[in-house]
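The data block below is input06.cif; it holds mmCIF, C-alpha atoms and all ligand atoms.
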```cif
data_coords
loop_
_atom_site.group_PDB
_atom_site.id
_atom_site.type_symbol
_atom_site.label_atom_id
_atom_site.label_comp_id
_atom_site.auth_asym_id
_atom_site.auth_seq_id
_atom_site.Cartn_x
_atom_site.Cartn_y
_atom_site.Cartn_z
ATOM 1 C CA MET A 119 -3.374 19.467 7.711
ATOM 2 C CA LYS A 120 -6.988 19.906 6.658
ATOM 3 C CA ARG A 121 -9.346 18.639 9.292
ATOM 4 C CA SER A 122 -12.768 19.345 7.838
ATOM 5 C CA PRO A 123 -14.950 16.247 7.917
ATOM 6 C CA SER A 124 -14.543 14.768 4.484
ATOM 7 C CA ALA A 125 -17.712 12.765 5.047
ATOM 8 C CA VAL A 126 -19.823 15.837 4.342
ATOM 9 C CA ARG A 127 -18.156 16.574 1.033
ATOM 10 C CA PRO A 128 -19.943 15.526 -2.136
ATOM 11 C CA HIS A 129 -18.346 12.765 -4.211
ATOM 12 C CA ARG A 130 -16.188 14.085 -7.013
ATOM 13 C CA SER A 131 -17.035 11.237 -9.302
ATOM 14 C CA ALA A 132 -20.027 8.959 -8.793
ATOM 15 C CA GLU A 133 -18.287 6.255 -10.799
ATOM 16 C CA GLN A 134 -15.214 6.308 -8.620
ATOM 17 C CA ALA A 135 -17.258 6.346 -5.411
ATOM 18 C CA ASP A 136 -19.063 3.243 -6.718
ATOM 19 C CA ALA A 137 -15.746 1.523 -7.380
ATOM 20 C CA PHE A 138 -14.640 2.196 -3.784
ATOM 21 C CA ARG A 139 -17.979 0.933 -2.432
ATOM 22 C CA THR A 140 -17.699 -2.232 -4.517
ATOM 23 C CA LEU A 141 -14.240 -2.917 -3.075
ATOM 24 C CA PHE A 142 -15.622 -2.258 0.403
ATOM 25 C CA ARG A 143 -18.398 -4.818 -0.162
ATOM 26 C CA GLN A 144 -15.932 -7.373 -1.541
ATOM 27 C CA GLN A 145 -13.898 -7.075 1.634
ATOM 28 C CA GLY A 146 -17.015 -7.762 3.733
ATOM 29 C CA ASP A 147 -17.980 -10.760 1.573
ATOM 30 C CA ARG A 148 -14.567 -12.392 1.798
ATOM 31 C CA LEU A 149 -13.763 -11.531 5.385
ATOM 32 C CA TRP A 150 -11.946 -14.263 7.314
ATOM 33 C CA ASN A 151 -11.398 -14.768 10.986
ATOM 34 C CA ALA A 152 -7.829 -15.285 12.144
ATOM 35 C CA ASP A 153 -8.793 -17.507 15.081
ATOM 36 C CA ARG A 154 -11.594 -19.548 13.528
ATOM 37 C CA ASP A 155 -10.515 -19.901 9.878
ATOM 38 C CA VAL A 156 -7.030 -21.192 10.648
ATOM 39 C CA ASP A 157 -6.819 -24.744 11.961
ATOM 40 C CA TRP A 158 -4.361 -23.901 14.738
ATOM 41 C CA ALA A 159 -4.807 -27.333 16.323
ATOM 42 C CA ALA A 160 -3.281 -28.990 13.220
ATOM 43 C CA GLY A 161 0.038 -27.718 14.538
ATOM 44 C CA SER A 162 3.130 -26.516 12.735
ATOM 45 C CA GLU A 163 5.916 -28.446 10.999
ATOM 46 C CA ILE A 164 9.151 -26.590 10.415
ATOM 47 C CA PRO A 165 12.150 -28.701 9.334
ATOM 48 C CA ASP A 166 14.992 -28.151 11.824
ATOM 49 C CA ALA A 167 17.501 -27.282 9.114
ATOM 50 C CA ARG A 168 15.300 -24.454 7.871
ATOM 51 C CA ARG A 169 13.926 -23.193 11.163
ATOM 52 C CA ALA A 170 16.213 -20.173 11.659
ATOM 53 C CA ALA A 171 15.881 -18.956 8.048
ATOM 54 C CA TRP A 172 12.135 -19.497 8.092
ATOM 55 C CA LEU A 173 11.628 -17.612 11.339
ATOM 56 C CA ARG A 174 13.740 -14.688 10.133
ATOM 57 C CA MET A 175 11.562 -14.427 7.026
ATOM 58 C CA MET A 176 8.408 -14.575 9.118
ATOM 59 C CA ASN A 177 9.698 -11.891 11.486
ATOM 60 C CA VAL A 178 10.535 -9.630 8.531
ATOM 61 C CA PHE A 179 7.093 -10.319 7.081
ATOM 62 C CA LEU A 180 5.403 -9.429 10.383
ATOM 63 C CA GLY A 181 7.579 -6.293 10.612
ATOM 64 C CA LEU A 182 6.396 -5.192 7.167
ATOM 65 C CA GLU A 183 2.751 -5.781 8.091
ATOM 66 C CA VAL A 184 3.166 -3.810 11.345
ATOM 67 C CA MET A 185 4.711 -0.969 9.352
ATOM 68 C CA GLY A 186 1.939 -1.197 6.738
ATOM 69 C CA LEU A 187 -0.753 -1.017 9.417
ATOM 70 C CA ASP A 188 0.861 1.971 11.057
ATOM 71 C CA THR A 189 1.251 3.780 7.736
ATOM 72 C CA ILE A 190 -2.313 3.198 6.537
ATOM 73 C CA GLN A 191 -3.621 4.622 9.821
ATOM 74 C CA VAL A 192 -1.545 7.768 9.359
ATOM 75 C CA MET A 193 -2.468 8.145 5.684
ATOM 76 C CA MET A 194 -6.183 7.248 5.521
ATOM 77 C CA SER A 195 -7.591 10.626 6.334
ATOM 78 C CA GLN A 196 -4.995 12.470 4.255
ATOM 79 C CA ALA A 197 -5.827 10.344 1.211
ATOM 80 C CA THR A 198 -9.574 10.863 1.662
ATOM 81 C CA HIS A 199 -9.110 14.622 1.890
ATOM 82 C CA GLN A 200 -6.870 14.667 -1.138
ATOM 83 C CA VAL A 201 -9.231 12.633 -3.322
ATOM 84 C CA ARG A 202 -12.225 14.384 -1.751
ATOM 85 C CA ASP A 203 -14.314 11.266 -1.754
ATOM 86 C CA PRO A 204 -15.937 10.030 1.463
ATOM 87 C CA ALA A 205 -16.295 6.563 -0.095
ATOM 88 C CA LEU A 206 -12.506 6.281 -0.008
ATOM 89 C CA ASN A 207 -12.586 6.334 3.788
ATOM 90 C CA LEU A 208 -15.059 3.443 3.731
ATOM 91 C CA TYR A 209 -12.733 1.319 1.661
ATOM 92 C CA LEU A 210 -9.533 2.321 3.485
ATOM 93 C CA ALA A 211 -11.120 1.458 6.829
ATOM 94 C CA ALA A 212 -11.752 -2.036 5.430
ATOM 95 C CA GLN A 213 -8.189 -2.339 4.149
ATOM 96 C CA CYS A 214 -6.900 -1.091 7.497
ATOM 97 C CA GLN A 215 -8.858 -3.892 9.158
ATOM 98 C CA ASP A 216 -7.244 -6.380 6.740
ATOM 99 C CA GLU A 217 -3.776 -5.178 7.725
ATOM 100 C CA ALA A 218 -4.700 -5.414 11.422
ATOM 101 C CA ARG A 219 -5.747 -9.043 10.825
ATOM 102 C CA HIS A 220 -2.444 -9.754 9.041
ATOM 103 C CA VAL A 221 -0.498 -8.390 11.996
ATOM 104 C CA TYR A 222 -2.635 -10.362 14.443
ATOM 105 C CA VAL A 223 -2.435 -13.678 12.600
ATOM 106 C CA LEU A 224 1.348 -13.496 12.040
ATOM 107 C CA ASP A 225 1.910 -12.456 15.639
ATOM 108 C CA ARG A 226 -0.175 -15.391 16.847
ATOM 109 C CA TYR A 227 1.697 -17.731 14.479
ATOM 110 C CA LEU A 228 5.099 -16.622 15.794
ATOM 111 C CA THR A 229 3.852 -16.991 19.351
ATOM 112 C CA GLU A 230 2.563 -20.532 18.659
ATOM 113 C CA VAL A 231 5.893 -21.638 17.130
ATOM 114 C CA ASP A 232 7.970 -19.717 19.686
ATOM 115 C CA GLY A 233 9.536 -17.779 16.829
ATOM 116 C CA HIS A 234 9.514 -14.114 17.870
ATOM 117 C CA GLY A 235 12.731 -12.106 17.874
ATOM 118 C CA TYR A 236 14.514 -13.657 14.881
ATOM 119 C CA ILE A 237 15.236 -10.249 13.367
ATOM 120 C CA SER A 238 18.303 -8.048 13.474
ATOM 121 C CA LYS A 239 18.552 -4.315 14.140
ATOM 122 C CA PRO A 240 19.509 -3.423 10.515
ATOM 123 C CA GLU A 241 16.422 -5.259 9.247
ATOM 124 C CA GLU A 242 14.226 -3.482 11.766
ATOM 125 C CA PHE A 243 15.825 -0.189 10.756
ATOM 126 C CA LEU A 244 15.213 -0.777 7.031
ATOM 127 C CA ILE A 245 11.563 -1.633 7.649
ATOM 128 C CA GLU A 246 11.113 1.513 9.711
ATOM 129 C CA ARG A 247 12.813 3.616 7.027
ATOM 130 C CA PHE A 248 10.526 2.155 4.397
ATOM 131 C CA GLY A 249 7.442 3.199 6.384
ATOM 132 C CA GLY A 250 8.870 6.673 6.961
ATOM 133 C CA MET A 251 9.821 7.183 3.323
ATOM 134 C CA ALA A 252 6.400 6.025 2.170
ATOM 135 C CA SER A 253 4.509 8.643 4.168
ATOM 136 C CA TRP A 254 6.728 11.674 4.435
ATOM 137 C CA GLY A 255 7.600 14.756 2.386
ATOM 138 C CA LEU A 256 5.715 16.276 -0.509
ATOM 139 C CA TYR A 257 2.989 14.458 -2.449
ATOM 140 C CA ARG A 258 2.782 11.965 0.366
ATOM 141 C CA VAL A 259 -0.569 10.478 -0.633
ATOM 142 C CA GLU A 260 0.707 9.745 -4.147
ATOM 143 C CA ASN A 261 3.979 8.463 -2.714
ATOM 144 C CA TRP A 262 2.277 6.249 -0.202
ATOM 145 C CA LEU A 263 -0.085 4.664 -2.718
ATOM 146 C CA THR A 264 2.616 4.201 -5.351
ATOM 147 C CA SER A 265 4.914 2.592 -2.790
ATOM 148 C CA THR A 266 2.030 0.343 -1.753
ATOM 149 C CA LEU A 267 1.762 -0.943 -5.332
ATOM 150 C CA PHE A 268 5.395 -1.974 -5.020
ATOM 151 C CA SER A 269 5.178 -3.472 -1.530
ATOM 152 C CA GLU A 270 1.901 -5.340 -2.143
ATOM 153 C CA ASN A 271 3.421 -6.945 -5.245
ATOM 154 C CA PHE A 272 6.576 -7.757 -3.341
ATOM 155 C CA ALA A 273 4.584 -9.455 -0.557
ATOM 156 C CA ALA A 274 2.112 -11.224 -2.858
ATOM 157 C CA LEU A 275 4.977 -12.771 -4.844
ATOM 158 C CA PHE A 276 6.658 -13.997 -1.657
ATOM 159 C CA LEU A 277 3.375 -15.581 -0.529
ATOM 160 C CA GLN A 278 2.801 -17.228 -3.913
ATOM 161 C CA GLN A 279 6.325 -18.625 -4.068
ATOM 162 C CA ALA A 280 6.276 -19.840 -0.457
ATOM 163 C CA LEU A 281 2.972 -21.627 -1.139
ATOM 164 C CA GLU A 282 4.668 -23.610 -3.888
ATOM 165 C CA LEU A 283 7.483 -24.890 -1.684
ATOM 166 C CA ASP A 284 7.116 -28.502 -0.588
ATOM 167 C CA ASP A 285 8.271 -28.385 2.982
ATOM 168 C CA VAL A 286 6.963 -25.032 4.130
ATOM 169 C CA ASP A 287 5.012 -25.243 7.371
ATOM 170 C CA PRO A 288 1.409 -26.266 6.492
ATOM 171 C CA LEU A 289 0.130 -23.992 9.256
ATOM 172 C CA ALA A 290 1.866 -21.033 7.607
ATOM 173 C CA LYS A 291 0.465 -22.082 4.229
ATOM 174 C CA GLN A 292 -3.087 -21.825 5.581
ATOM 175 C CA ILE A 293 -2.303 -18.303 6.795
ATOM 176 C CA PHE A 294 -0.618 -17.283 3.527
ATOM 177 C CA ARG A 295 -3.665 -18.308 1.476
ATOM 178 C CA LEU A 296 -5.892 -16.110 3.647
ATOM 179 C CA ILE A 297 -3.559 -13.111 3.523
ATOM 180 C CA LEU A 298 -3.132 -13.452 -0.241
ATOM 181 C CA ARG A 299 -6.908 -13.218 -0.654
ATOM 182 C CA ASP A 300 -6.745 -9.705 0.842
ATOM 183 C CA GLU A 301 -3.553 -8.575 -0.879
ATOM 184 C CA VAL A 302 -5.058 -9.257 -4.312
ATOM 185 C CA ARG A 303 -7.898 -6.876 -3.449
ATOM 186 C CA HIS A 304 -5.413 -4.273 -2.218
ATOM 187 C CA VAL A 305 -3.689 -4.350 -5.596
ATOM 188 C CA ASN A 306 -7.076 -3.990 -7.362
ATOM 189 C CA PHE A 307 -7.779 -0.906 -5.286
ATOM 190 C CA LEU A 308 -4.478 0.652 -6.354
ATOM 191 C CA HIS A 309 -5.412 0.081 -9.980
ATOM 192 C CA THR A 310 -8.620 1.996 -9.328
ATOM 193 C CA ILE A 311 -7.097 4.976 -7.590
ATOM 194 C CA LEU A 312 -3.570 5.471 -8.880
ATOM 195 C CA PRO A 313 -4.224 6.437 -12.537
ATOM 196 C CA LEU A 314 -6.500 9.237 -11.398
ATOM 197 C CA LEU A 315 -4.124 10.535 -8.744
ATOM 198 C CA ILE A 316 -1.095 10.477 -10.987
ATOM 199 C CA ASP A 317 -3.039 12.060 -13.825
ATOM 200 C CA ARG A 318 -3.640 15.116 -11.655
ATOM 201 C CA LEU A 319 0.021 15.489 -10.656
ATOM 202 C CA PRO A 320 2.002 18.365 -12.190
ATOM 203 C CA ALA A 321 5.226 17.407 -14.023
ATOM 204 C CA ALA A 322 7.382 18.392 -11.022
ATOM 205 C CA GLY A 323 5.201 16.235 -8.768
ATOM 206 C CA ARG A 324 5.634 13.254 -11.048
ATOM 207 C CA LEU A 325 9.379 13.656 -11.043
ATOM 208 C CA TYR A 326 9.396 13.948 -7.246
ATOM 209 C CA VAL A 327 7.239 10.852 -6.757
ATOM 210 C CA TRP A 328 9.251 8.873 -9.299
ATOM 211 C CA GLN A 329 12.526 9.726 -7.555
ATOM 212 C CA SER A 330 11.103 8.928 -4.119
ATOM 213 C CA GLN A 331 9.902 5.587 -5.442
ATOM 214 C CA LEU A 332 13.335 4.696 -6.751
ATOM 215 C CA LEU A 333 14.879 5.470 -3.344
ATOM 216 C CA LEU A 334 12.236 3.316 -1.783
ATOM 217 C CA ALA A 335 12.734 0.434 -4.208
ATOM 218 C CA GLY A 336 16.461 0.710 -3.459
ATOM 219 C CA ALA A 337 15.808 0.422 0.287
ATOM 220 C CA VAL A 338 13.644 -2.665 -0.263
ATOM 221 C CA ALA A 339 16.291 -4.212 -2.510
ATOM 222 C CA LEU A 340 18.916 -3.613 0.190
ATOM 223 C CA GLY A 341 16.613 -5.412 2.598
ATOM 224 C CA LEU A 342 16.270 -8.247 0.106
ATOM 225 C CA ARG A 343 20.044 -8.504 -0.066
ATOM 226 C CA ARG A 344 20.181 -8.906 3.718
ATOM 227 C CA ILE A 345 17.761 -11.819 3.699
ATOM 228 C CA LYS A 346 18.989 -13.318 0.409
ATOM 229 C CA ALA A 347 20.690 -16.274 2.114
ATOM 230 C CA ASP A 348 17.558 -17.027 4.165
ATOM 231 C CA VAL A 349 15.320 -16.828 1.113
ATOM 232 C CA ALA A 350 17.680 -19.174 -0.748
ATOM 233 C CA ALA A 351 17.824 -21.557 2.244
ATOM 234 C CA LEU A 352 14.053 -21.929 1.997
ATOM 235 C CA GLY A 353 14.356 -22.984 -1.626
ATOM 236 C CA ILE A 354 13.242 -19.722 -3.275
ATOM 237 C CA ASP A 355 15.532 -18.684 -6.143
ATOM 238 C CA VAL A 356 16.302 -15.006 -5.485
ATOM 239 C CA ASP A 357 17.138 -14.229 -9.119
ATOM 240 C CA VAL A 358 13.908 -15.782 -10.355
ATOM 241 C CA TYR A 359 12.067 -13.903 -7.593
ATOM 242 C CA LYS A 360 13.572 -10.570 -8.697
ATOM 243 C CA ALA A 361 12.950 -11.216 -12.400
ATOM 244 C CA THR A 362 9.322 -12.175 -11.703
ATOM 245 C CA LEU A 363 8.836 -9.144 -9.454
ATOM 246 C CA ILE A 364 10.123 -6.801 -12.167
ATOM 247 C CA GLU A 365 7.978 -8.539 -14.782
ATOM 248 C CA ASN A 366 4.845 -8.327 -12.591
ATOM 249 C CA LEU A 367 5.472 -4.694 -11.734
ATOM 250 C CA GLY A 368 6.064 -3.833 -15.386
ATOM 251 C CA ALA A 369 2.748 -5.449 -16.373
ATOM 252 C CA GLN A 370 0.929 -3.648 -13.566
ATOM 253 C CA PHE A 371 2.426 -0.251 -14.376
ATOM 254 C CA GLU A 372 1.271 -0.714 -17.950
ATOM 255 C CA ASP A 373 -2.149 -1.923 -16.869
ATOM 256 C CA ALA A 374 -2.660 1.111 -14.659
ATOM 257 C CA GLY A 375 -1.299 3.463 -17.348
ATOM 258 C CA LEU A 376 1.682 4.363 -15.169
ATOM 259 C CA ASP A 377 4.474 2.872 -17.261
ATOM 260 C CA SER A 378 5.659 6.066 -18.928
ATOM 261 C CA PHE A 379 5.798 7.739 -15.526
ATOM 262 C CA LEU A 380 7.278 4.962 -13.364
ATOM 263 C CA LYS A 381 9.625 3.471 -15.997
ATOM 264 C CA ILE A 382 10.103 -0.167 -15.069
ATOM 265 C CA ASP A 383 13.615 -0.242 -16.607
ATOM 266 C CA THR A 384 14.870 2.168 -13.959
ATOM 267 C CA TYR A 385 13.251 0.077 -11.217
ATOM 268 C CA ALA A 386 14.971 -2.987 -12.629
ATOM 269 C CA ARG A 387 18.347 -1.231 -12.602
ATOM 270 C CA VAL A 388 17.898 -0.067 -8.991
ATOM 271 C CA ILE A 389 16.711 -3.482 -7.781
ATOM 272 C CA ASN A 390 19.506 -5.321 -9.570
ATOM 273 C CA ALA A 391 22.201 -2.885 -8.433
ATOM 274 C CA ALA A 392 21.165 -3.084 -4.765
ATOM 275 C CA THR A 393 20.954 -6.859 -4.615
HETATM 276 FE FE FE B 401 -0.973 -6.970 4.658
HETATM 277 FE FE FE B 402 -2.030 -5.090 1.984
#
```
Let me see the file written as structure tokens.
Ligand SMILES: [Fe+2]
Ligand SMILES: [Fe+2]
Amino acid sequence: MKRSPSAVRPHRSAEQADAFRTLFRQQGDRLWNADRDVDWAAGSEIPDARRAAWLRMMNVFLGLEVMGLDTIQVMMSQATHQVRDPALNLYLAAQCQDEARHVYVLDRYLTEVDGHGYISKPEEFLIERFGGMASWGLYRVENWLTSTLFSENFAALFLQQALELDDVDPLAKQIFRLILRDEVRHVNFLHTILPLLIDRLPAAGRLYVWQSQLLLAGAVALGLRRIKADVAALGIDVDVYKATLIENLGAQFEDAGLDSFLKIDTYARVINAAT
């Protein structure tokens, strides 16, 4: 791996460096504090009938954030070297801090409600596989960022739908609103960087990334199948969730000019077949 300090390299594109700096500043402006900005004293209310399903979802969610934090730390420097833009490191450091805060706040939540450990080995295994697949093999920077577009959308939709449920723990709702604030920015970042990265990929690279992404989407869909009953027990309609996810992803692929390369129809087939 290249280890030259990317900070001394000139920016490839002043415009792109500005876009990364703007995202960096936005993170600083909207920064929240997991201890002070959540009213922990208000306490949590989890209906008994939904407690087990709810805590499994929250454990899976924490697992995904832990995996996301680990992956971004492995990939930051590689991405900066690949794009050859020191401003990318600035922004990724900020996003890394966001993910650290997500891990911290969910861990504290599960501690407060005595809810750790509601996760099975196969779920843990799938989460670990997802992290491995997202940062391994050829074209790993492109693969990582493309998989992030998928996982950020997946998480943001879960947060949005959980916020609409009537009897979801109000303490968790406070936390979800804060996390969602960050995840929206993470998606904006992907829209800034992905078109450029994919544009530079040779045809074989595109095919490789596309195939890796389908494997990855399949792994996530398998995970969704495992927690389908829990999701349904919380009052989220899994079929509506999947249809909305595919619709959102399709719109985003088009928006970022990635639709001809990522082909939402194939994603839809993989997601539907695995669930
Ligand atoms: Fe996160
Ligand atoms: Fe994120």
Which is closer to Gly323 of chain A than all the others in A:Gly341, A:Gly233, A:Gly255, A:Gly353, using all atoms listed in the file?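 Smallest distance to Gly323 of chain A is found for A:Gly255.
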Counting all atoms listed in the file, which residue out of A:Ile237, A:Val221, A:Leu352, A:Val156 sits closest to Leu281 of chain A?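 Closest to Leu281 of chain A of all the choices is A:Leu352.
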Ligand FE 401 (chain B): which residues are within 6 Å, counting only C-alpha atoms and all ligand atoms? Reply as a VMD selection string. chain A and resid 183 217 220
When the cut-off is 10 Å and you count only C-alpha atoms and all ligand atoms, which residues lie near ligand FE 402 (chain B), shown as a PyMOL selection string? chain A and resi 182-183+186-187+190+213-218+220+266-267+269-271+273-274+297-305
Residues from the last selection, C-alpha atoms, saved as an mmCIF file, keeping the file's coordinate frame:
```
data_model
loop_
_atom_site.group_PDB
_atom_site.id
_atom_site.type_symbol
_atom_site.label_atom_id
_atom_site.label_comp_id
_atom_site.auth_asym_id
_atom_site.auth_seq_id
_atom_site.Cartn_x
_atom_site.Cartn_y
_atom_site.Cartn_z
ATOM 1 C CA LEU A 182 6.396 -5.192 7.167
ATOM 2 C CA GLU A 183 2.751 -5.781 8.091
ATOM 3 C CA GLY A 186 1.939 -1.197 6.738
ATOM 4 C CA LEU A 187 -0.753 -1.017 9.417
ATOM 5 C CA ILE A 190 -2.313 3.198 6.537
ATOM 6 C CA GLN A 213 -8.189 -2.339 4.149
ATOM 7 C CA CYS A 214 -6.900 -1.091 7.497
ATOM 8 C CA GLN A 215 -8.858 -3.892 9.158
ATOM 9 C CA ASP A 216 -7.244 -6.380 6.740
ATOM 10 C CA GLU A 217 -3.776 -5.178 7.725
ATOM 11 C CA ALA A 218 -4.700 -5.414 11.422
ATOM 12 C CA HIS A 220 -2.444 -9.754 9.041
ATOM 13 C CA THR A 266 2.030 0.343 -1.753
ATOM 14 C CA LEU A 267 1.762 -0.943 -5.332
ATOM 15 C CA SER A 269 5.178 -3.472 -1.530
ATOM 16 C CA GLU A 270 1.901 -5.340 -2.143
ATOM 17 C CA ASN A 271 3.421 -6.945 -5.245
ATOM 18 C CA ALA A 273 4.584 -9.455 -0.557
ATOM 19 C CA ALA A 274 2.112 -11.224 -2.858
ATOM 20 C CA ILE A 297 -3.559 -13.111 3.523
ATOM 21 C CA LEU A 298 -3.132 -13.452 -0.241
ATOM 22 C CA ARG A 299 -6.908 -13.218 -0.654
ATOM 23 C CA ASP A 300 -6.745 -9.705 0.842
ATOM 24 C CA GLU A 301 -3.553 -8.575 -0.879
ATOM 25 C CA VAL A 302 -5.058 -9.257 -4.312
ATOM 26 C CA ARG A 303 -7.898 -6.876 -3.449
ATOM 27 C CA HIS A 304 -5.413 -4.273 -2.218
ATOM 28 C CA VAL A 305 -3.689 -4.350 -5.596
#
```
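Picked out by the PyMOL selection byres (((chain A and resi 291) around 10) and not hetatm) when it runs on this file: Val156, Ser162, Leu277, Gln278, Ala280, Leu281, Glu282, Leu283, Val286, Asp287, Pro288, Leu289, Ala290, Gln292, Ile293, Phe294, Arg295, Leu296 and Ile297 of chain A.
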I need the chosen residues saved as a short mmCIF file (atom, residue, chain, number, x, y, z; two decimals), in the frame of the given file, with C-alpha atoms.
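Once everything was written out, this is again_22.cif:
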```cif
data_model
loop_
_atom_site.label_atom_id
_atom_site.label_comp_id
_atom_site.auth_asym_id
_atom_site.auth_seq_id
_atom_site.Cartn_x
_atom_site.Cartn_y
_atom_site.Cartn_z
CA VAL A 156 -7.03 -21.19 10.65
CA SER A 162 3.13 -26.52 12.74
CA LEU A 277 3.38 -15.58 -0.53
CA GLN A 278 2.80 -17.23 -3.91
CA ALA A 280 6.28 -19.84 -0.46
CA LEU A 281 2.97 -21.63 -1.14
CA GLU A 282 4.67 -23.61 -3.89
CA LEU A 283 7.48 -24.89 -1.68
CA VAL A 286 6.96 -25.03 4.13
CA ASP A 287 5.01 -25.24 7.37
CA PRO A 288 1.41 -26.27 6.49
CA LEU A 289 0.13 -23.99 9.26
CA ALA A 290 1.87 -21.03 7.61
CA GLN A 292 -3.09 -21.82 5.58
CA ILE A 293 -2.30 -18.30 6.80
CA PHE A 294 -0.62 -17.28 3.53
CA ARG A 295 -3.66 -18.31 1.48
CA LEU A 296 -5.89 -16.11 3.65
CA ILE A 297 -3.56 -13.11 3.52
#
```
Target residues per the PyMOL selection byres (((chain A and resi 359) around 12) and not hetatm), formatted as a PyMOL selection string: chain A and resi 271-280+339+342+346+349-350+353-358+360-366+389-390+393
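Run against this file, the PyMOL selection byres (((chain A and resi 375) around 10) and not hetatm) gives back His309, Leu312, Pro313, Leu314, Ile316, Asp317, Ala369, Gln370, Phe371, Glu372, Asp373, Ala374, Leu376, Asp377, Ser378, Phe379 and Leu380 of chain A.
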For atom CA of Gln191 of chain A and atom CA of Ala211 of chain A, quote the distance in Å rounded to one decimal. 8.7 Å
Kindly indicate which residue among A:Lys381, A:Arg169, A:Arg202, A:His234 lies nearest to Ala351 of chain A, using only C-alpha atoms for the distances. A:Arg169
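Comparing the minimum interatomic distances between Ala171 of chain A and each of A:Ile382, A:Leu206, A:Leu315, A:Ala347, counting only C-alpha atoms, we find that A:Ala347 sits nearest.
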Have a look at A:Arg343, A:Arg258, A:Arg226, A:His199 and name the one nearest to Trp158 of chain A; count all atoms listed in the file.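 Residue with the minimum atom-to-atom distance to Trp158 of chain A: A:Arg226.
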Since fewer atoms than expected are present, regenerate N, CA and C atoms for segment 329-345 of chain A and write them as a PDB file, in the frame of the given file.
```
ATOM      1  N   GLN A 329      11.229   9.824  -8.239  1.00  0.00           N
ATOM      2  CA  GLN A 329      12.526   9.726  -7.555  1.00  0.00           C
ATOM      3  C   GLN A 329      12.380   9.116  -6.156  1.00  0.00           C
ATOM      4  N   SER A 330      11.328   9.514  -5.451  1.00  0.00           N
ATOM      5  CA  SER A 330      11.103   8.928  -4.119  1.00  0.00           C
ATOM      6  C   SER A 330      10.906   7.426  -4.239  1.00  0.00           C
ATOM      7  N   GLN A 331      10.180   7.013  -5.260  1.00  0.00           N
ATOM      8  CA  GLN A 331       9.902   5.587  -5.442  1.00  0.00           C
ATOM      9  C   GLN A 331      11.178   4.797  -5.715  1.00  0.00           C
ATOM     10  N   LEU A 332      12.080   5.411  -6.461  1.00  0.00           N
ATOM     11  CA  LEU A 332      13.335   4.696  -6.751  1.00  0.00           C
ATOM     12  C   LEU A 332      14.169   4.543  -5.481  1.00  0.00           C
ATOM     13  N   LEU A 333      14.177   5.572  -4.638  1.00  0.00           N
ATOM     14  CA  LEU A 333      14.879   5.470  -3.344  1.00  0.00           C
ATOM     15  C   LEU A 333      14.278   4.336  -2.520  1.00  0.00           C
ATOM     16  N   LEU A 334      12.957   4.324  -2.546  1.00  0.00           N
ATOM     17  CA  LEU A 334      12.236   3.316  -1.783  1.00  0.00           C
ATOM     18  C   LEU A 334      12.492   1.896  -2.295  1.00  0.00           C
ATOM     19  N   ALA A 335      12.464   1.756  -3.623  1.00  0.00           N
ATOM     20  CA  ALA A 335      12.734   0.434  -4.208  1.00  0.00           C
ATOM     21  C   ALA A 335      14.155   0.012  -3.856  1.00  0.00           C
ATOM     22  N   GLY A 336      15.073   0.999  -3.830  1.00  0.00           N
ATOM     23  CA  GLY A 336      16.461   0.710  -3.459  1.00  0.00           C
ATOM     24  C   GLY A 336      16.555   0.210  -2.027  1.00  0.00           C
ATOM     25  N   ALA A 337      15.787   0.838  -1.122  1.00  0.00           N
ATOM     26  CA  ALA A 337      15.808   0.422   0.287  1.00  0.00           C
ATOM     27  C   ALA A 337      15.275  -1.005   0.428  1.00  0.00           C
ATOM     28  N   VAL A 338      14.207  -1.315  -0.325  1.00  0.00           N
ATOM     29  CA  VAL A 338      13.644  -2.665  -0.263  1.00  0.00           C
ATOM     30  C   VAL A 338      14.650  -3.678  -0.815  1.00  0.00           C
ATOM     31  N   ALA A 339      15.320  -3.294  -1.912  1.00  0.00           N
ATOM     32  CA  ALA A 339      16.291  -4.212  -2.510  1.00  0.00           C
ATOM     33  C   ALA A 339      17.460  -4.463  -1.553  1.00  0.00           C
ATOM     34  N   LEU A 340      17.864  -3.422  -0.823  1.00  0.00           N
ATOM     35  CA  LEU A 340      18.916  -3.613   0.190  1.00  0.00           C
ATOM     36  C   LEU A 340      18.456  -4.609   1.247  1.00  0.00           C
ATOM     37  N   GLY A 341      17.194  -4.478   1.626  1.00  0.00           N
ATOM     38  CA  GLY A 341      16.613  -5.412   2.598  1.00  0.00           C
ATOM     39  C   GLY A 341      16.618  -6.821   2.041  1.00  0.00           C
ATOM     40  N   LEU A 342      16.293  -6.931   0.749  1.00  0.00           N
ATOM     41  CA  LEU A 342      16.270  -8.247   0.106  1.00  0.00           C
ATOM     42  C   LEU A 342      17.675  -8.858   0.115  1.00  0.00           C
ATOM     43  N   ARG A 343      18.676  -7.993  -0.082  1.00  0.00           N
ATOM     44  CA  ARG A 343      20.044  -8.504  -0.066  1.00  0.00           C
ATOM     45  C   ARG A 343      20.392  -9.084   1.312  1.00  0.00           C
ATOM     46  N   ARG A 344      19.891  -8.424   2.360  1.00  0.00           N
ATOM     47  CA  ARG A 344      20.181  -8.906   3.718  1.00  0.00           C
ATOM     48  C   ARG A 344      19.576 -10.281   3.994  1.00  0.00           C
ATOM     49  N   ILE A 345      18.417 -10.536   3.399  1.00  0.00           N
ATOM     50  CA  ILE A 345      17.761 -11.819   3.699  1.00  0.00           C
ATOM     51  C   ILE A 345      17.922 -12.822   2.548  1.00  0.00           C
TER      52      ILE A 345
END
```
